[in-house]
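Listing of entry30.cif; format and content: mmCIF, C-alpha atoms and all ligand atoms.
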data_data
#
loop_
_atom_site.label_atom_id
_atom_site.label_comp_id
_atom_site.auth_asym_id
_atom_site.auth_seq_id
_atom_site.Cartn_x
_atom_site.Cartn_y
_atom_site.Cartn_z
CA MET A 34 42.26 117.23 27.20
CA ASN A 35 42.70 115.96 30.75
CA LYS A 36 46.42 115.90 31.55
CA ALA A 37 46.03 112.86 33.82
CA ASN A 38 44.64 110.88 30.88
CA ASP A 39 47.72 111.79 28.80
CA ARG A 40 49.75 109.67 31.17
CA LEU A 41 47.59 106.56 30.95
CA VAL A 42 48.75 103.55 28.95
CA GLU A 43 46.43 101.30 26.96
CA VAL A 44 46.92 97.62 27.77
CA GLU A 45 45.29 94.32 26.97
CA LEU A 46 46.09 91.19 28.90
CA VAL A 47 44.52 87.90 29.90
CA VAL A 48 43.85 87.34 33.58
CA ASN A 49 42.64 83.90 34.64
CA ASP A 50 41.61 83.15 31.04
CA LYS A 51 39.58 86.38 30.65
CA THR A 52 40.74 89.24 28.46
CA TRP A 53 40.95 92.66 30.12
CA ASN A 54 41.67 95.88 28.30
CA GLY A 55 41.74 99.46 29.43
CA SER A 56 43.98 102.33 30.49
CA LEU A 57 46.34 102.15 33.42
CA GLU A 58 48.72 104.51 35.14
CA PRO A 59 52.28 103.61 34.15
CA ARG A 60 53.47 103.11 37.72
CA LEU A 61 50.57 100.95 38.95
CA SER A 62 51.88 97.66 40.33
CA LEU A 63 50.49 94.39 39.08
CA ALA A 64 49.39 93.57 42.64
CA ASP A 65 47.38 96.79 42.97
CA PHE A 66 45.88 96.28 39.52
CA LEU A 67 44.76 92.74 40.39
CA ARG A 68 43.46 93.62 43.83
CA GLU A 69 41.95 97.07 43.27
CA LYS A 70 40.83 97.05 39.63
CA LEU A 71 39.86 93.39 39.28
CA GLY A 72 38.94 92.56 42.89
CA LEU A 73 41.29 89.56 42.92
CA THR A 74 42.25 89.92 46.56
CA GLY A 75 43.66 86.40 46.82
CA THR A 76 46.95 87.97 45.72
CA HIS A 77 48.12 89.07 49.16
CA LEU A 78 50.41 91.97 49.96
CA GLY A 79 52.89 91.50 52.79
CA CYS A 80 56.24 93.23 52.49
CA GLU A 81 55.50 95.06 49.20
CA HIS A 82 59.18 94.96 48.29
CA GLY A 83 59.81 91.51 46.87
CA VAL A 84 60.84 89.61 49.99
CA CYS A 85 57.89 87.60 51.36
CA GLY A 86 56.37 85.97 48.24
CA ALA A 87 52.77 86.49 49.41
CA CYS A 88 51.96 88.30 46.15
CA THR A 89 53.30 85.58 43.82
CA VAL A 90 51.32 85.10 40.59
CA LEU A 91 52.12 83.40 37.30
CA VAL A 92 52.93 85.58 34.27
CA ASP A 93 53.07 83.49 31.11
CA GLY A 94 53.42 80.49 33.41
CA GLU A 95 56.40 81.85 35.38
CA PRO A 96 56.16 82.96 39.03
CA GLU A 97 56.50 86.72 39.54
CA ARG A 98 56.27 89.06 42.49
CA ALA A 99 53.17 91.09 41.71
CA CYS A 100 54.28 93.83 44.14
CA LEU A 101 57.42 94.43 42.07
CA SER A 102 55.86 93.95 38.64
CA ILE A 103 54.41 96.92 36.78
CA ALA A 104 50.91 96.23 35.48
CA VAL A 105 51.47 97.82 32.05
CA ALA A 106 54.47 95.50 31.54
CA THR A 107 52.00 92.59 31.38
CA ASN A 108 50.48 93.98 28.20
CA GLY A 109 49.83 91.06 25.85
CA ARG A 110 50.68 88.48 28.52
CA ARG A 111 48.73 85.90 30.53
CA VAL A 112 48.43 86.29 34.29
CA THR A 113 47.20 83.55 36.62
CA THR A 114 46.28 84.39 40.20
CA ILE A 115 45.28 82.03 42.99
CA GLU A 116 41.65 82.49 41.90
CA GLY A 117 42.47 81.04 38.47
CA LEU A 118 44.98 78.39 39.50
CA SER A 119 43.44 75.08 38.50
CA GLY A 120 44.40 71.55 37.58
CA ALA A 121 45.39 68.30 39.21
CA ILE A 122 48.51 69.56 40.97
CA PRO A 123 46.92 72.63 42.66
CA GLU A 124 43.94 70.51 43.73
CA ALA A 125 46.24 67.83 45.16
CA LEU A 126 48.25 70.55 46.93
CA LYS A 127 45.14 72.02 48.56
CA GLU A 128 44.23 68.60 49.95
CA ALA A 129 47.79 67.93 51.05
CA PHE A 130 48.09 71.36 52.74
CA SER A 131 45.01 70.48 54.77
CA LYS A 132 46.16 66.93 55.56
CA HIS A 133 49.69 67.97 56.59
CA HIS A 134 48.64 71.15 58.48
CA ALA A 135 50.57 73.34 56.06
CA LEU A 136 48.67 76.51 56.91
CA GLN A 137 47.44 78.38 59.94
CA CYS A 138 46.50 82.01 59.29
CA GLY A 139 46.57 81.40 55.52
CA PHE A 140 48.21 84.71 54.63
CA CYS A 141 51.11 83.07 52.78
CA THR A 142 48.99 80.26 51.33
CA PRO A 143 48.07 81.73 47.89
CA GLY A 144 51.72 82.50 47.12
CA MET A 145 52.79 79.14 48.54
CA LEU A 146 50.32 77.24 46.34
CA ILE A 147 51.48 79.07 43.23
CA THR A 148 55.15 78.51 44.03
CA ALA A 149 54.54 74.87 44.98
CA THR A 150 52.67 74.23 41.73
CA ASP A 151 55.57 75.72 39.78
CA ILE A 152 58.28 73.76 41.56
CA ILE A 153 56.39 70.47 41.18
CA ASN A 154 55.81 71.22 37.48
CA ARG A 155 59.54 71.84 37.09
CA GLY A 156 60.40 68.57 38.84
CA ALA A 157 62.42 70.56 41.41
CA CYS A 158 61.20 68.62 44.47
CA LEU A 159 63.87 65.94 44.49
CA ASP A 160 64.14 65.83 48.26
CA GLU A 161 63.41 67.87 51.38
CA GLU A 162 66.51 70.02 50.91
CA HIS A 163 65.48 70.96 47.37
CA ILE A 164 61.93 71.80 48.48
CA ARG A 165 63.23 74.02 51.29
CA ARG A 166 65.60 75.78 48.89
CA GLU A 167 62.82 76.37 46.34
CA LEU A 168 60.53 77.73 49.08
CA ALA A 169 63.16 80.17 50.34
CA GLY A 170 61.43 83.10 48.59
CA ASN A 171 58.07 82.45 50.26
CA LEU A 172 57.91 83.34 53.94
CA CYS A 173 55.48 81.80 56.42
CA ARG A 174 55.35 83.11 59.96
CA CYS A 175 53.04 80.36 61.24
CA THR A 176 53.91 76.82 60.24
CA GLY A 177 57.62 76.33 60.82
CA TYR A 178 57.65 74.97 57.25
CA GLN A 179 57.52 71.29 58.28
CA GLY A 180 53.90 70.88 57.16
CA LEU A 181 54.53 72.81 53.95
CA VAL A 182 57.55 70.72 53.05
CA ALA A 183 55.67 67.50 53.88
CA ALA A 184 52.63 68.50 51.80
CA ILE A 185 54.66 69.56 48.77
CA GLY A 186 56.86 66.49 49.05
CA ALA A 187 53.81 64.22 49.19
CA VAL A 188 52.29 65.72 46.03
CA ALA A 189 55.64 65.68 44.22
CA LYS A 190 56.05 62.01 45.12
CA ARG A 191 52.52 61.26 43.94
CA GLU A 192 53.33 62.92 40.60
CA VAL A 193 56.32 60.62 40.22
CA ASN A 194 54.74 57.44 41.60
CA HIS A 195 51.05 58.14 40.87
CA GLY A 196 50.37 57.20 44.49
CA ASP A 197 48.31 59.01 47.14
CA ALA A 198 49.30 62.46 48.42
FE1 LIG B 1 55.37 90.99 47.18
FE2 LIG B 1 56.08 90.52 49.71
S1 LIG B 1 54.27 91.50 48.97
S2 LIG B 1 57.07 89.87 47.87
FE1 LIG B 2 50.28 82.12 58.37
FE2 LIG B 2 51.84 81.08 56.48
S1 LIG B 2 50.06 80.20 57.39
S2 LIG B 2 51.87 83.09 57.25
#
Could you quickly redo this structure as structure tokens?
Ligand code: FES
Ligand code: FES
Amino acid sequence: MNKANDRLVEVELVVNDKTWNGSLEPRLSLADFLREKLGLTGTHLGCEHGVCGACTVLVDGEPERACLSIAVATNGRRVTTIEGLSGAIPEALKEAFSKHHALQCGFCTPGMLITATDIINRGACLDEEHIRRELAGNLCRCTGYQGLVAAIGAVAKREVNHGDA
């Protein structure tokens, strides 16, 4: 028997509402699994050590750094990447990011949209200070954050008031 195969681990997980099963190397990161095995390259890799937030995905609805997560640890869990992020809040955020100039190169944008969706869902956008604190784990080298904070604040306010973002 092939010795390399002895080290593979059988996993089954749901990615963007589709079940995937197969064998993975135990040390493969979730980010590399998503990007290289599934072709979901919207999960960006920046620092690759948990600092920049570009690789943020949802695992069972909670944000995780895909560069620090081990793919086999998601066995039996549900992963949502930017490609599968859907619903009223993400759609409103995309429009608001455009309207408030909350992106330039776009490298941080997938992770920002996932984090922003989570913080709005948690009702953690009470004011600008809260939004800035919640965004502290997602780095953007382009925008100066003003547009991001404005866009997220507008959608959060709309969720509360049912007004326009
Ligand atoms: Fe994962 Fe930077 S690439 S946190
Ligand atoms: Fe360029 Fe955020 S838009 S890093």
Exercise for review: Identify which of the residues A:Cys173, A:Val90, A:Leu63, A:Leu41 lies closest to A:Ala135, counting all atoms listed in the file when measuring atom-to-atom distances.
Suggested key: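 For A:Ala135, the nearest of the given residues is A:Cys173.
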Check your understanding: Which of these, A:Val42, A:Leu78, A:Ile115, A:Val188, has the shortest distance to ligand LIG 2 (chain B) once you count all atoms listed in the file?
Key ->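 Once distances to ligand LIG 2 (chain B) are computed over all atoms listed in the file, the minimum belongs to A:Leu78.
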Check your understanding: If you count only C-alpha atoms, which residues fall within 12 Å of A:Arg174, apart from same-chain ones fewer than 4 positions away, as JSON, numbers by chain?
Key -> {"A": [79, 85, 87, 135, 136, 137, 138, 139, 140, 141, 142, 178, 181]}
Around all the atoms of ligand LIG 2 (chain B) listed in the file, draw an axis-aligned box and extend it by 5 Å on each of the six sides; I want its centre and edge lengths in Å to one decimal, as AutoDock Vina command-line options.
--center_x 51.0 --center_y 81.6 --center_z 57.4 --size_x 11.8 --size_y 12.9 --size_z 11.9
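When atom CA of A:His134 is paired with atom CA of A:Arg155, their separation reads 24.0 Å.
One distance worth recording is that between atom CA of A:Ile153 and atom CA of A:Leu71, which is 28.3 Å.
Note that atom CA of A:Leu146 and atom CA of A:His133 are 13.8 Å apart.
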Check your understanding: When distances are computed from only C-alpha atoms and all ligand atoms, which of A:Ala125, A:Cys80, A:Ala64, A:Val44 shows the smallest separation from ligand LIG 1 (chain B)?
Key ->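 Ranked by minimum distance to ligand LIG 1 (chain B), first place goes to A:Cys80.
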Complete stretch 39-54 of chain A at the level of N, CA, C and O atoms, written as a PDB file, in the coordinates of the input.
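Generated output (out.pdb):
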ATOM      1  N   ASP A  39      46.557 111.853  29.704  1.00  0.00           N
ATOM      2  CA  ASP A  39      47.720 111.790  28.800  1.00  0.00           C
ATOM      3  C   ASP A  39      48.734 110.774  29.298  1.00  0.00           C
ATOM      4  O   ASP A  39      49.518 110.244  28.522  1.00  0.00           O
ATOM      5  N   ARG A  40      48.726 110.551  30.599  1.00  0.00           N
ATOM      6  CA  ARG A  40      49.750 109.670  31.170  1.00  0.00           C
ATOM      7  C   ARG A  40      49.302 108.216  31.241  1.00  0.00           C
ATOM      8  O   ARG A  40      50.051 107.369  31.680  1.00  0.00           O
ATOM      9  N   LEU A  41      48.075 107.934  30.877  1.00  0.00           N
ATOM     10  CA  LEU A  41      47.590 106.560  30.950  1.00  0.00           C
ATOM     11  C   LEU A  41      48.094 105.744  29.766  1.00  0.00           C
ATOM     12  O   LEU A  41      48.363 106.282  28.696  1.00  0.00           O
ATOM     13  N   VAL A  42      48.231 104.447  29.988  1.00  0.00           N
ATOM     14  CA  VAL A  42      48.750 103.550  28.950  1.00  0.00           C
ATOM     15  C   VAL A  42      47.677 102.503  28.642  1.00  0.00           C
ATOM     16  O   VAL A  42      47.110 101.903  29.565  1.00  0.00           O
ATOM     17  N   GLU A  43      47.402 102.320  27.367  1.00  0.00           N
ATOM     18  CA  GLU A  43      46.430 101.300  26.960  1.00  0.00           C
ATOM     19  C   GLU A  43      47.067  99.914  27.041  1.00  0.00           C
ATOM     20  O   GLU A  43      48.163  99.710  26.500  1.00  0.00           O
ATOM     21  N   VAL A  44      46.384  98.995  27.697  1.00  0.00           N
ATOM     22  CA  VAL A  44      46.920  97.620  27.770  1.00  0.00           C
ATOM     23  C   VAL A  44      45.799  96.616  27.522  1.00  0.00           C
ATOM     24  O   VAL A  44      44.615  96.908  27.743  1.00  0.00           O
ATOM     25  N   GLU A  45      46.221  95.452  27.077  1.00  0.00           N
ATOM     26  CA  GLU A  45      45.290  94.320  26.970  1.00  0.00           C
ATOM     27  C   GLU A  45      46.042  93.077  27.438  1.00  0.00           C
ATOM     28  O   GLU A  45      47.149  92.804  26.966  1.00  0.00           O
ATOM     29  N   LEU A  46      45.463  92.396  28.391  1.00  0.00           N
ATOM     30  CA  LEU A  46      46.090  91.190  28.900  1.00  0.00           C
ATOM     31  C   LEU A  46      45.016  90.169  29.249  1.00  0.00           C
ATOM     32  O   LEU A  46      43.828  90.492  29.244  1.00  0.00           O
ATOM     33  N   VAL A  47      45.453  88.954  29.526  1.00  0.00           N
ATOM     34  CA  VAL A  47      44.520  87.900  29.900  1.00  0.00           C
ATOM     35  C   VAL A  47      44.769  87.551  31.364  1.00  0.00           C
ATOM     36  O   VAL A  47      45.902  87.230  31.743  1.00  0.00           O
ATOM     37  N   VAL A  48      43.734  87.681  32.166  1.00  0.00           N
ATOM     38  CA  VAL A  48      43.850  87.340  33.580  1.00  0.00           C
ATOM     39  C   VAL A  48      42.895  86.183  33.869  1.00  0.00           C
ATOM     40  O   VAL A  48      41.679  86.310  33.664  1.00  0.00           O
ATOM     41  N   ASN A  49      43.457  85.088  34.323  1.00  0.00           N
ATOM     42  CA  ASN A  49      42.640  83.900  34.640  1.00  0.00           C
ATOM     43  C   ASN A  49      41.710  83.542  33.473  1.00  0.00           C
ATOM     44  O   ASN A  49      40.505  83.322  33.646  1.00  0.00           O
ATOM     45  N   ASP A  50      42.293  83.546  32.277  1.00  0.00           N
ATOM     46  CA  ASP A  50      41.610  83.150  31.040  1.00  0.00           C
ATOM     47  C   ASP A  50      40.568  84.160  30.544  1.00  0.00           C
ATOM     48  O   ASP A  50      39.822  83.861  29.616  1.00  0.00           O
ATOM     49  N   LYS A  51      40.508  85.344  31.156  1.00  0.00           N
ATOM     50  CA  LYS A  51      39.580  86.380  30.650  1.00  0.00           C
ATOM     51  C   LYS A  51      40.392  87.573  30.169  1.00  0.00           C
ATOM     52  O   LYS A  51      41.299  88.045  30.876  1.00  0.00           O
ATOM     53  N   THR A  52      40.022  88.078  28.994  1.00  0.00           N
ATOM     54  CA  THR A  52      40.740  89.240  28.460  1.00  0.00           C
ATOM     55  C   THR A  52      40.269  90.508  29.162  1.00  0.00           C
ATOM     56  O   THR A  52      39.078  90.702  29.400  1.00  0.00           O
ATOM     57  N   TRP A  53      41.249  91.344  29.534  1.00  0.00           N
ATOM     58  CA  TRP A  53      40.950  92.660  30.120  1.00  0.00           C
ATOM     59  C   TRP A  53      41.655  93.693  29.268  1.00  0.00           C
ATOM     60  O   TRP A  53      42.824  93.514  28.909  1.00  0.00           O
ATOM     61  N   ASN A  54      40.964  94.756  28.927  1.00  0.00           N
ATOM     62  CA  ASN A  54      41.670  95.880  28.300  1.00  0.00           C
ATOM     63  C   ASN A  54      41.175  97.190  28.879  1.00  0.00           C
ATOM     64  O   ASN A  54      40.050  97.288  29.377  1.00  0.00           O
TER      65      ASN A  54
END
